[in-house]
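Structure file final-v6.cif (mmCIF, C-alpha atoms) follows.
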```cif
data_work
#
loop_
_atom_site.label_atom_id
_atom_site.label_comp_id
_atom_site.auth_asym_id
_atom_site.auth_seq_id
_atom_site.Cartn_x
_atom_site.Cartn_y
_atom_site.Cartn_z
CA LYS A 194 -200.58 92.66 -184.85
CA ALA A 195 -201.37 90.87 -181.61
CA GLY A 196 -198.65 88.74 -180.11
CA VAL A 197 -198.84 85.29 -178.61
CA THR A 198 -201.51 85.26 -175.93
CA GLN A 199 -201.46 82.85 -173.03
CA THR A 200 -204.16 82.32 -170.45
CA PRO A 201 -204.31 82.21 -167.55
CA ARG A 202 -201.25 84.20 -166.53
CA TYR A 203 -201.18 82.93 -162.97
CA LEU A 204 -202.76 79.96 -161.30
CA ILE A 205 -202.43 77.88 -158.18
CA LYS A 206 -203.36 74.22 -158.12
CA THR A 207 -203.23 71.44 -155.58
CA ARG A 208 -201.22 68.25 -155.97
CA GLY A 209 -203.19 65.63 -157.84
CA GLN A 210 -205.32 68.11 -159.74
CA GLN A 211 -205.07 68.72 -163.43
CA VAL A 212 -204.58 71.97 -165.31
CA THR A 213 -205.19 73.23 -168.84
CA LEU A 214 -203.27 76.14 -170.28
CA SER A 215 -204.28 77.96 -173.42
CA CYS A 216 -202.27 79.65 -176.14
CA SER A 217 -203.38 81.77 -179.08
CA PRO A 218 -200.59 82.17 -181.63
CA ILE A 219 -199.86 85.20 -183.75
CA SER A 220 -202.35 85.46 -186.57
CA GLY A 221 -201.13 83.40 -189.53
CA HIS A 222 -198.75 81.29 -187.49
CA ARG A 223 -199.42 77.59 -187.75
CA SER A 224 -196.71 76.18 -185.54
CA VAL A 225 -197.08 76.27 -181.77
CA SER A 226 -194.54 74.96 -179.29
CA TRP A 227 -194.54 74.76 -175.52
CA TYR A 228 -191.68 75.10 -173.07
CA GLN A 229 -191.35 74.65 -169.33
CA GLN A 230 -189.07 77.06 -167.52
CA THR A 231 -187.81 76.44 -163.99
CA PRO A 232 -184.86 77.89 -162.09
CA GLY A 233 -183.20 74.50 -161.84
CA GLN A 234 -183.78 73.07 -165.31
CA GLY A 235 -183.95 76.19 -167.43
CA LEU A 236 -186.01 76.12 -170.62
CA GLN A 237 -187.14 72.67 -171.57
CA PHE A 238 -189.00 71.80 -174.74
CA LEU A 239 -192.33 70.10 -174.18
CA PHE A 240 -193.84 69.64 -177.64
CA GLU A 241 -194.59 71.30 -180.93
CA TYR A 242 -197.72 71.25 -183.02
CA PHE A 243 -198.27 72.08 -186.65
CA SER A 244 -201.58 71.77 -188.45
CA GLU A 245 -203.11 69.97 -185.48
CA THR A 246 -200.35 67.33 -185.49
CA GLN A 247 -197.68 66.88 -182.86
CA ARG A 248 -194.36 67.13 -184.71
CA ASN A 249 -191.86 67.01 -181.88
CA LYS A 250 -191.99 65.94 -178.29
CA GLY A 251 -189.57 66.56 -175.47
CA ASN A 252 -188.64 64.24 -172.66
CA PHE A 253 -191.60 64.70 -170.36
CA PRO A 254 -193.90 62.09 -168.81
CA GLY A 255 -197.24 61.25 -170.35
CA ARG A 256 -198.98 63.44 -167.78
CA PHE A 257 -198.07 66.31 -170.07
CA SER A 258 -200.17 66.47 -173.19
CA GLY A 259 -201.27 69.00 -175.70
CA ARG A 260 -203.36 69.59 -178.73
CA GLN A 261 -203.84 72.10 -181.47
CA PHE A 262 -207.10 73.18 -182.99
CA SER A 263 -207.93 73.98 -186.59
CA ASN A 264 -207.52 77.71 -185.89
CA SER A 265 -203.97 76.99 -184.62
CA ARG A 266 -204.85 77.74 -181.03
CA SER A 267 -203.26 75.26 -178.68
CA GLU A 268 -203.82 73.88 -175.23
CA MET A 269 -201.58 71.92 -172.96
CA ASN A 270 -202.77 69.77 -170.13
CA VAL A 271 -200.97 68.45 -167.10
CA SER A 272 -202.73 65.73 -165.14
CA THR A 273 -202.04 64.51 -161.62
CA LEU A 274 -200.02 67.58 -160.75
CA GLU A 275 -196.85 67.23 -158.71
CA LEU A 276 -195.01 69.89 -156.75
CA GLY A 277 -192.22 69.75 -159.30
CA ASP A 278 -194.58 70.89 -162.03
CA SER A 279 -194.51 74.39 -160.57
CA ALA A 280 -193.00 76.44 -163.37
CA LEU A 281 -193.47 79.09 -165.99
CA TYR A 282 -195.03 77.53 -169.06
CA LEU A 283 -194.21 79.37 -172.24
CA CYS A 284 -195.98 79.07 -175.53
CA ALA A 285 -194.30 80.14 -178.75
CA SER A 286 -195.51 80.39 -182.30
CA SER A 287 -193.90 80.58 -185.71
CA LEU A 288 -195.10 80.67 -189.28
CA ASP A 289 -194.37 77.04 -189.89
CA THR A 290 -191.89 74.41 -188.93
CA THR A 291 -189.16 75.53 -191.30
CA SER A 292 -185.87 75.75 -189.46
CA GLY A 293 -184.62 79.25 -189.01
CA ASN A 294 -188.06 80.73 -188.58
CA THR A 295 -188.22 83.02 -185.60
CA ILE A 296 -190.35 81.72 -182.78
CA TYR A 297 -192.27 84.34 -180.84
CA PHE A 298 -193.04 83.80 -177.19
CA GLY A 299 -196.02 84.67 -175.08
CA GLU A 300 -195.62 86.03 -171.58
CA GLY A 301 -196.23 82.65 -170.05
CA SER A 302 -198.49 81.02 -167.52
CA TRP A 303 -197.15 80.81 -164.00
CA LEU A 304 -198.27 77.56 -162.40
CA THR A 305 -197.82 76.98 -158.70
CA VAL A 306 -198.61 73.55 -157.31
CA VAL A 307 -199.20 73.38 -153.56
CA ALA B 1297 -177.76 66.27 -181.79
CA GLN B 1298 -177.58 69.98 -181.21
CA SER B 1299 -176.66 71.73 -178.00
CA VAL B 1300 -175.80 75.15 -176.68
CA THR B 1301 -173.46 76.12 -173.90
CA GLN B 1302 -173.58 79.52 -172.29
CA LEU B 1303 -170.52 80.32 -170.24
CA GLY B 1304 -171.37 82.12 -167.03
CA SER B 1305 -174.80 81.95 -165.48
CA HIS B 1306 -174.29 85.45 -164.05
CA VAL B 1307 -172.39 88.34 -165.56
CA SER B 1308 -171.95 91.77 -163.98
CA VAL B 1309 -170.85 94.86 -165.86
CA SER B 1310 -170.70 98.52 -165.02
CA GLU B 1311 -173.02 100.91 -166.79
CA GLY B 1312 -171.26 102.07 -169.95
CA ALA B 1313 -168.95 99.06 -170.09
CA LEU B 1314 -168.79 96.43 -172.81
CA VAL B 1315 -171.25 93.58 -172.55
CA LEU B 1316 -169.98 90.17 -173.69
CA LEU B 1317 -172.15 87.09 -173.24
CA ARG B 1318 -170.66 83.86 -174.48
CA CYS B 1319 -172.37 81.11 -176.41
CA ASN B 1320 -170.92 78.00 -177.99
CA TYR B 1321 -172.96 75.55 -179.97
CA SER B 1322 -172.68 72.01 -181.13
CA SER B 1323 -174.35 70.98 -184.34
CA SER B 1324 -173.58 68.37 -186.93
CA VAL B 1325 -175.20 70.46 -189.66
CA PRO B 1326 -175.17 74.19 -190.37
CA PRO B 1327 -176.90 75.84 -187.46
CA TYR B 1328 -179.34 78.62 -187.12
CA LEU B 1329 -178.53 80.67 -184.04
CA PHE B 1330 -180.60 82.99 -181.92
CA TRP B 1331 -180.30 85.27 -178.92
CA TYR B 1332 -183.35 85.96 -176.83
CA VAL B 1333 -183.79 88.26 -173.84
CA GLN B 1334 -186.16 87.74 -170.94
CA TYR B 1335 -187.10 90.55 -168.60
CA PRO B 1336 -188.57 89.69 -165.20
CA ASN B 1337 -192.03 88.17 -165.36
CA GLN B 1338 -192.10 88.26 -169.13
CA GLY B 1339 -191.67 85.87 -172.01
CA LEU B 1340 -188.65 85.74 -174.29
CA GLN B 1341 -188.05 88.37 -176.91
CA LEU B 1342 -185.85 87.87 -179.95
CA LEU B 1343 -182.73 90.04 -179.97
CA LEU B 1344 -181.17 88.75 -183.18
CA LYS B 1345 -180.69 85.65 -185.27
CA TYR B 1346 -178.23 84.16 -187.72
CA THR B 1347 -179.41 81.95 -190.54
CA THR B 1348 -177.11 82.43 -193.52
CA GLY B 1349 -175.06 85.21 -195.07
CA ALA B 1350 -173.25 87.89 -193.13
CA THR B 1351 -171.69 86.47 -190.01
CA LEU B 1352 -172.01 89.70 -188.03
CA VAL B 1353 -175.62 90.10 -187.06
CA LYS B 1354 -177.08 93.27 -185.63
CA GLY B 1355 -180.09 93.13 -183.41
CA ILE B 1356 -182.31 95.35 -181.37
CA ASN B 1357 -181.23 97.60 -178.51
CA GLY B 1358 -177.67 97.94 -179.85
CA PHE B 1359 -176.76 94.27 -179.51
CA GLU B 1360 -174.85 92.30 -182.10
CA ALA B 1361 -173.39 88.83 -182.40
CA GLU B 1362 -170.84 87.23 -184.66
CA PHE B 1363 -171.09 83.70 -185.98
CA LYS B 1364 -167.67 82.06 -185.94
CA LYS B 1365 -167.83 78.63 -187.46
CA SER B 1366 -164.22 77.77 -186.67
CA GLU B 1367 -164.84 78.47 -182.99
CA THR B 1368 -168.45 77.20 -182.99
CA SER B 1369 -169.35 80.40 -181.19
CA PHE B 1370 -172.04 83.05 -181.35
CA HIS B 1371 -171.14 85.54 -178.64
CA LEU B 1372 -173.41 88.49 -177.93
CA THR B 1373 -171.93 91.94 -177.47
CA LYS B 1374 -172.99 95.49 -176.81
CA PRO B 1375 -170.43 98.31 -176.68
CA SER B 1376 -171.98 100.19 -173.77
CA ALA B 1377 -174.25 98.65 -171.15
CA HIS B 1378 -177.36 100.44 -170.03
CA MET B 1379 -179.30 99.83 -166.84
CA SER B 1380 -182.25 98.66 -168.91
CA ASP B 1381 -180.12 95.79 -170.28
CA ALA B 1382 -180.37 93.96 -166.97
CA ALA B 1383 -182.19 90.76 -167.87
CA GLU B 1384 -181.60 87.10 -168.63
CA TYR B 1385 -180.21 86.23 -172.03
CA PHE B 1386 -180.65 82.93 -173.82
CA CYS B 1387 -178.70 81.59 -176.74
CA ALA B 1388 -180.51 79.04 -178.90
CA VAL B 1389 -179.80 76.81 -181.87
CA SER B 1390 -181.83 75.01 -184.45
CA TYR B 1391 -180.55 73.15 -187.43
CA SER B 1392 -181.23 73.30 -191.11
CA GLY B 1393 -183.42 70.56 -192.41
CA GLY B 1394 -186.16 68.66 -190.71
CA TYR B 1395 -188.72 70.03 -188.38
CA GLN B 1396 -187.79 73.04 -186.36
CA LYS B 1397 -186.72 72.22 -182.84
CA VAL B 1398 -185.01 74.99 -180.98
CA THR B 1399 -182.60 74.09 -178.20
CA PHE B 1400 -181.91 76.76 -175.61
CA GLY B 1401 -178.90 77.36 -173.45
CA THR B 1402 -179.24 77.64 -169.69
CA GLY B 1403 -179.26 81.42 -169.78
CA THR B 1404 -177.01 84.20 -168.50
CA LYS B 1405 -178.30 86.78 -166.08
CA LEU B 1406 -176.81 90.16 -166.79
CA GLN B 1407 -176.48 92.61 -163.93
CA VAL B 1408 -175.65 96.21 -164.74
CA ILE B 1409 -174.02 98.15 -161.92
CA PRO B 1410 -174.56 101.91 -161.85
#
```
Whole structure, C-alpha coordinates version:
Amino acid sequence: KAGVTQTPRYLIKTRGQQVTLSCSPISGHRSVSWYQQTPGQGLQFLFEYFSETQRNKGNFPGRFSGRQFSNSRSEMNVSTLELGDSALYLCASSLDTTSGNTIYFGEGSWLTVV
Amino acid sequence: AQSVTQLGSHVSVSEGALVLLRCNYSSSVPPYLFWYVQYPNQGLQLLLKYTTGATLVKGINGFEAEFKKSETSFHLTKPSAHMSDAAEYFCAVSYSGGYQKVTFGTGTKLQVIP
(Lines of atoms letter the chains of each structure in order from A and count residues from 1; the text may use other names and numbers.)
(Lines give C-alpha, C1' and ligand atoms only; values in the text may rest on other atoms or scores of the structure.)
Protein backbone atom coordinates (compact mmCIF):
# COMPACT_ATOMS: atom_id res chain seq x y z
CA LYS A 1 0.00 0.00 0.00
CA ALA A 2 1.51 3.30 -1.06
CA GLY A 3 2.16 5.85 1.64
CA VAL A 4 1.49 9.55 1.65
CA THR A 5 3.11 11.11 -1.39
CA GLN A 6 4.19 14.72 -1.50
CA THR A 7 5.46 16.65 -4.48
CA PRO A 8 7.74 18.35 -5.09
CA ARG A 9 10.28 17.19 -2.52
CA TYR A 10 12.52 20.22 -2.86
CA LEU A 11 11.95 23.65 -4.29
CA ILE A 12 13.46 27.10 -4.20
CA LYS A 13 11.34 30.19 -4.65
CA THR A 14 11.95 33.92 -4.56
CA ARG A 15 10.32 36.32 -2.12
CA GLY A 16 6.99 37.50 -3.40
CA GLN A 17 6.33 34.42 -5.50
CA GLN A 18 3.70 31.87 -4.74
CA VAL A 19 4.00 28.12 -4.38
CA THR A 20 1.67 25.13 -4.58
CA LEU A 21 2.46 21.87 -2.84
CA SER A 22 0.66 18.64 -3.56
CA CYS A 23 -0.24 15.69 -1.37
CA SER A 24 -1.73 12.32 -2.26
CA PRO A 25 -3.02 10.52 0.84
CA ILE A 26 -2.97 6.81 1.49
CA SER A 27 -5.65 5.08 -0.51
CA GLY A 28 -8.93 5.14 1.42
CA HIS A 29 -7.90 7.98 3.70
CA ARG A 30 -10.24 10.92 3.57
CA SER A 31 -8.63 13.27 6.05
CA VAL A 32 -5.58 15.29 5.06
CA SER A 33 -3.74 17.69 7.31
CA TRP A 34 -0.76 19.95 6.73
CA TYR A 35 2.02 20.97 9.08
CA GLN A 36 4.90 23.40 8.86
CA GLN A 37 8.15 22.36 10.49
CA THR A 38 10.95 24.80 11.23
CA PRO A 39 13.90 24.59 13.62
CA GLY A 40 12.62 27.51 15.64
CA GLN A 41 8.90 26.80 15.82
CA GLY A 42 8.81 23.03 15.59
CA LEU A 43 5.74 21.36 14.11
CA GLN A 44 2.87 23.73 13.60
CA PHE A 45 -0.57 22.73 12.41
CA LEU A 46 -1.72 24.53 9.29
CA PHE A 47 -5.10 23.03 8.42
CA GLU A 48 -7.05 19.84 8.01
CA TYR A 49 -9.43 18.79 5.29
CA PHE A 50 -12.06 16.10 5.23
CA SER A 51 -14.39 15.42 2.32
CA GLU A 52 -13.25 18.60 0.58
CA THR A 53 -14.10 20.73 3.63
CA GLN A 54 -11.65 22.51 5.87
CA ARG A 55 -12.34 21.22 9.39
CA ASN A 56 -9.58 22.84 11.39
CA LYS A 57 -7.24 25.71 10.82
CA GLY A 58 -4.10 26.71 12.65
CA ASN A 59 -2.86 30.17 13.41
CA PHE A 60 -1.35 31.13 10.08
CA PRO A 61 -1.96 34.21 7.92
CA GLY A 62 -4.36 34.12 5.02
CA ARG A 63 -1.44 33.75 2.61
CA PHE A 64 -1.58 30.08 3.50
CA SER A 65 -4.48 28.25 1.92
CA GLY A 66 -5.40 24.78 0.93
CA ARG A 67 -7.99 22.65 -0.71
CA GLN A 68 -8.98 19.05 -1.06
CA PHE A 69 -10.31 17.38 -4.14
CA SER A 70 -12.99 14.74 -4.48
CA ASN A 71 -10.33 12.01 -4.68
CA SER A 72 -8.95 13.24 -1.31
CA ARG A 73 -5.79 14.62 -2.86
CA SER A 74 -4.88 17.95 -1.35
CA GLU A 75 -2.91 21.02 -2.28
CA MET A 76 -1.66 23.87 -0.20
CA ASN A 77 -0.74 27.25 -1.54
CA VAL A 78 1.40 29.99 -0.10
CA SER A 79 1.17 33.37 -1.78
CA THR A 80 3.53 36.32 -1.52
CA LEU A 81 6.31 34.21 -0.09
CA GLU A 82 8.44 35.56 2.73
CA LEU A 83 11.87 34.40 3.86
CA GLY A 84 10.28 33.05 7.03
CA ASP A 85 8.17 30.64 5.01
CA SER A 86 11.26 28.53 4.39
CA ALA A 87 10.39 25.24 6.05
CA LEU A 88 9.58 21.60 5.66
CA TYR A 89 5.90 21.23 4.84
CA LEU A 90 4.47 17.92 5.92
CA CYS A 91 1.26 16.38 4.76
CA ALA A 92 -0.45 13.68 6.78
CA SER A 93 -3.47 11.52 6.14
CA SER A 94 -5.83 9.45 8.24
CA LEU A 95 -8.94 7.43 7.64
CA ASP A 96 -11.25 10.10 8.93
CA THR A 97 -11.36 12.77 11.54
CA THR A 98 -12.13 10.47 14.45
CA SER A 99 -9.83 11.25 17.33
CA GLY A 100 -7.31 8.56 18.03
CA ASN A 101 -6.88 7.63 14.41
CA THR A 102 -3.25 7.38 13.46
CA ILE A 103 -2.08 10.06 11.10
CA TYR A 104 0.51 8.99 8.56
CA PHE A 105 3.05 11.46 7.29
CA GLY A 106 4.63 11.97 3.92
CA GLU A 107 8.30 12.76 3.57
CA GLY A 108 7.60 16.44 3.16
CA SER A 109 8.32 19.24 0.76
CA TRP A 110 11.37 21.33 1.52
CA LEU A 111 10.70 24.95 0.60
CA THR A 112 13.50 27.47 0.51
CA VAL A 113 12.63 31.11 -0.04
CA VAL A 114 15.48 33.34 -1.20
CA ALA B 1 -6.98 23.22 25.26
CA GLN B 2 -4.47 20.46 24.86
CA SER B 3 -0.72 20.76 25.01
CA VAL B 4 2.38 18.62 25.20
CA THR B 5 5.66 19.30 26.91
CA GLN B 6 8.78 17.37 26.09
CA LEU B 7 11.52 17.78 28.64
CA GLY B 8 14.93 18.07 27.06
CA SER B 9 15.39 19.14 23.48
CA HIS B 10 18.55 17.01 23.29
CA VAL B 11 19.27 13.72 25.02
CA SER B 12 22.49 11.73 24.74
CA VAL B 13 22.85 8.10 25.72
CA SER B 14 25.53 5.50 25.25
CA GLU B 15 24.89 2.59 22.96
CA GLY B 16 23.29 -0.16 25.04
CA ALA B 17 22.04 2.22 27.72
CA LEU B 18 18.44 2.91 28.66
CA VAL B 19 16.61 5.47 26.58
CA LEU B 20 14.11 7.65 28.45
CA LEU B 21 12.37 10.50 26.66
CA ARG B 22 9.92 12.48 28.74
CA CYS B 23 6.52 13.74 27.73
CA ASN B 24 3.85 15.43 29.81
CA TYR B 25 0.49 16.41 28.46
CA SER B 26 -2.30 18.71 29.38
CA SER B 27 -5.82 17.83 28.40
CA SER B 28 -9.19 18.55 29.91
CA VAL B 29 -10.62 15.34 28.50
CA PRO B 30 -9.20 11.83 28.16
CA PRO B 31 -6.28 12.11 25.78
CA TYR B 32 -5.02 10.03 22.97
CA LEU B 33 -1.23 10.00 23.00
CA PHE B 34 1.32 9.28 20.32
CA TRP B 35 5.06 9.04 19.84
CA TYR B 36 6.51 9.68 16.42
CA VAL B 37 10.10 9.43 15.21
CA GLN B 38 11.70 11.51 12.50
CA TYR B 39 14.93 10.48 10.83
CA PRO B 40 16.94 13.11 8.95
CA ASN B 41 15.28 14.35 5.79
CA GLN B 42 12.23 12.20 6.32
CA GLY B 43 8.68 12.59 7.52
CA LEU B 44 7.37 11.38 10.86
CA GLN B 45 6.77 7.72 11.53
CA LEU B 46 4.47 6.41 14.24
CA LEU B 47 6.27 4.53 17.01
CA LEU B 48 3.27 3.80 19.22
CA LYS B 49 0.00 5.22 20.43
CA TYR B 50 -2.30 5.05 23.43
CA THR B 51 -6.04 5.36 23.02
CA THR B 52 -7.74 3.26 25.69
CA GLY B 53 -7.09 0.05 27.58
CA ALA B 54 -3.68 -1.14 28.69
CA THR B 55 -1.57 1.74 29.90
CA LEU B 56 1.72 0.15 28.85
CA VAL B 57 1.97 0.42 25.11
CA LYS B 58 4.54 -1.40 23.03
CA GLY B 59 5.66 0.01 19.75
CA ILE B 60 8.07 -0.67 16.96
CA ASN B 61 11.84 -0.99 17.26
CA GLY B 62 11.66 -2.08 20.91
CA PHE B 63 10.15 1.15 22.23
CA GLU B 64 7.38 1.32 24.77
CA ALA B 65 5.56 4.02 26.70
CA GLU B 66 3.38 4.05 29.77
CA PHE B 67 0.35 6.26 30.19
CA LYS B 68 0.21 7.58 33.75
CA LYS B 69 -2.91 9.60 34.28
CA SER B 70 -1.98 10.68 37.80
CA GLU B 71 1.28 12.15 36.51
CA THR B 72 -0.15 13.28 33.14
CA SER B 73 2.85 11.63 31.55
CA PHE B 74 3.59 9.39 28.60
CA HIS B 75 7.33 8.79 28.72
CA LEU B 76 9.03 6.77 26.00
CA THR B 77 11.57 4.13 26.93
CA LYS B 78 13.80 1.55 25.32
CA PRO B 79 15.95 -0.77 27.43
CA SER B 80 19.02 -0.70 25.20
CA ALA B 81 19.86 2.08 22.76
CA HIS B 82 21.10 1.27 19.30
CA MET B 83 22.97 3.58 16.97
CA SER B 84 20.04 3.46 14.57
CA ASP B 85 17.82 5.05 17.25
CA ALA B 86 19.49 8.41 16.71
CA ALA B 87 16.65 10.62 15.48
CA GLU B 88 14.19 13.24 16.67
CA TYR B 89 11.22 12.05 18.68
CA PHE B 90 7.90 13.82 18.98
CA CYS B 91 5.19 13.28 21.53
CA ALA B 92 1.68 14.24 20.44
CA VAL B 93 -1.80 14.44 21.91
CA SER B 94 -5.29 14.55 20.57
CA TYR B 95 -8.46 14.43 22.55
CA SER B 96 -11.53 12.28 22.46
CA GLY B 97 -14.52 13.89 20.89
CA GLY B 98 -14.72 16.46 18.18
CA TYR B 99 -12.61 16.66 15.12
CA GLN B 100 -9.15 15.25 15.31
CA LYS B 101 -6.50 17.86 15.89
CA VAL B 102 -3.13 16.56 16.91
CA THR B 103 -0.84 18.79 18.93
CA PHE B 104 2.85 17.99 18.84
CA GLY B 105 5.56 18.62 21.35
CA THR B 106 8.72 20.48 20.37
CA GLY B 107 10.68 17.28 19.88
CA THR B 108 13.68 15.63 21.51
CA LYS B 109 16.78 14.85 19.52
CA LEU B 110 18.33 11.61 20.65
CA GLN B 111 22.05 11.14 20.19
CA VAL B 112 23.50 7.68 20.66
CA ILE B 113 27.18 7.59 21.55
CA PRO B 114 29.15 4.51 20.52
At a cut-off of 10 Å, which residues of chain B touch chain A? Count only C-alpha atoms and give the answer as a ChimeraX atom specification. /B:1327-1330,1332,1334,1337-1342,1344-1348,1386,1389-1403
Can you spell out as an MDAnalysis selection string the set of residues that the PyMOL selection byres ((chain A and resi 269-278) around 12) selects in the structure I just provided? chainID A and resid 199:201 205:217 225:234 239:242 247 253:262 266:268 279:284 302:307
Could you tell me which residues the PyMOL selection byres ((chain B and resi 1364-1368) around 6) returns for this structure, as a ChimeraX atom specification? /B:1320-1321,1363,1369
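Picture a line from atom CA of Leu1303 of chain B to atom CA of Leu1406 of chain B; it runs 12.2 Å.
The space between atom CA of Thr246 of chain A and atom CA of Ala1388 of chain B spans 24.0 Å.
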Translate the PyMOL selection byres ((chain B and resi 1316) around 10) into a concrete residue list for this structure, as a PyMOL selection string. chain B and resi 1307+1309+1313-1315+1317-1319+1359-1361+1371-1375+1377+1406
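With only C-alpha atoms as the atoms that count, the minimum distance from Phe1370 of chain B to the choices B:Ser1310, B:Glu1384, B:Val1408, B:Val1300 is reached by B:Val1300.
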Shell of 10 Å around Gln1407 of chain B, all atoms listed in the file, local chain residues under 2 positions omitted, as a PyMOL selection string: chain B and resi 1306-1311+1377-1384+1404-1405+1409-1410
Is it possible to add N, CA, C and O atoms to segment 1361-1379 of chain B and hand it back as a CSV table (one decimal), keeping the file's coordinate frame?
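Done, and the output landed in selection-v8.csv:
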```
chain,number,residue,atom,x,y,z
B,1361,ALA,N,-174.0,90.1,-182.7
B,1361,ALA,CA,-173.4,88.8,-182.4
B,1361,ALA,C,-172.7,88.4,-183.7
B,1361,ALA,O,-173.1,88.7,-184.8
B,1362,GLU,N,-171.6,87.7,-183.5
B,1362,GLU,CA,-170.8,87.2,-184.7
B,1362,GLU,C,-170.8,85.7,-184.7
B,1362,GLU,O,-170.4,85.1,-183.7
B,1363,PHE,N,-171.2,85.1,-185.8
B,1363,PHE,CA,-171.1,83.7,-186.0
B,1363,PHE,C,-169.7,83.3,-186.4
B,1363,PHE,O,-169.2,83.8,-187.4
B,1364,LYS,N,-169.0,82.5,-185.6
B,1364,LYS,CA,-167.7,82.1,-185.9
B,1364,LYS,C,-167.7,80.5,-186.0
B,1364,LYS,O,-167.7,79.8,-185.0
B,1365,LYS,N,-167.7,80.1,-187.3
B,1365,LYS,CA,-167.8,78.6,-187.5
B,1365,LYS,C,-166.6,77.9,-186.9
B,1365,LYS,O,-166.8,76.8,-186.3
B,1366,SER,N,-165.4,78.5,-187.1
B,1366,SER,CA,-164.2,77.8,-186.7
B,1366,SER,C,-164.2,77.6,-185.2
B,1366,SER,O,-163.5,76.7,-184.6
B,1367,GLU,N,-164.8,78.5,-184.5
B,1367,GLU,CA,-164.8,78.5,-183.0
B,1367,GLU,C,-166.2,77.9,-182.5
B,1367,GLU,O,-166.3,77.8,-181.2
B,1368,THR,N,-167.1,77.6,-183.3
B,1368,THR,CA,-168.4,77.2,-183.0
B,1368,THR,C,-169.0,78.1,-181.9
B,1368,THR,O,-169.5,77.7,-180.9
B,1369,SER,N,-168.9,79.4,-182.2
B,1369,SER,CA,-169.4,80.4,-181.2
B,1369,SER,C,-170.3,81.4,-181.8
B,1369,SER,O,-170.3,81.6,-183.0
B,1370,PHE,N,-171.1,82.0,-180.9
B,1370,PHE,CA,-172.0,83.0,-181.4
B,1370,PHE,C,-172.2,84.0,-180.2
B,1370,PHE,O,-173.2,84.1,-179.5
B,1371,HIS,N,-171.1,84.7,-179.8
B,1371,HIS,CA,-171.1,85.5,-178.6
B,1371,HIS,C,-171.9,86.8,-178.9
B,1371,HIS,O,-171.9,87.4,-180.0
B,1372,LEU,N,-172.6,87.3,-177.9
B,1372,LEU,CA,-173.4,88.5,-177.9
B,1372,LEU,C,-172.6,89.7,-177.3
B,1372,LEU,O,-172.1,89.5,-176.2
B,1373,THR,N,-172.6,90.8,-178.0
B,1373,THR,CA,-171.9,91.9,-177.5
B,1373,THR,C,-172.8,93.2,-177.6
B,1373,THR,O,-173.7,93.3,-178.4
B,1374,LYS,N,-172.4,94.1,-176.7
B,1374,LYS,CA,-173.0,95.5,-176.8
B,1374,LYS,C,-171.9,96.4,-176.3
B,1374,LYS,O,-171.3,96.2,-175.2
B,1375,PRO,N,-171.6,97.5,-177.0
B,1375,PRO,CA,-170.4,98.3,-176.7
B,1375,PRO,C,-170.6,99.0,-175.3
B,1375,PRO,O,-169.6,99.1,-174.6
B,1376,SER,N,-171.8,99.4,-175.0
B,1376,SER,CA,-172.0,100.2,-173.8
B,1376,SER,C,-173.3,99.7,-173.1
B,1376,SER,O,-174.4,99.9,-173.6
B,1377,ALA,N,-173.1,99.2,-171.9
B,1377,ALA,CA,-174.2,98.6,-171.2
B,1377,ALA,C,-175.1,99.8,-170.6
B,1377,ALA,O,-174.6,100.8,-170.1
B,1378,HIS,N,-176.4,99.5,-170.6
B,1378,HIS,CA,-177.4,100.4,-170.0
B,1378,HIS,C,-178.1,99.7,-168.9
B,1378,HIS,O,-178.2,98.5,-169.0
B,1379,MET,N,-178.6,100.5,-168.0
B,1379,MET,CA,-179.3,99.8,-166.8
B,1379,MET,C,-180.5,99.0,-167.3
B,1379,MET,O,-180.7,97.9,-166.8
```
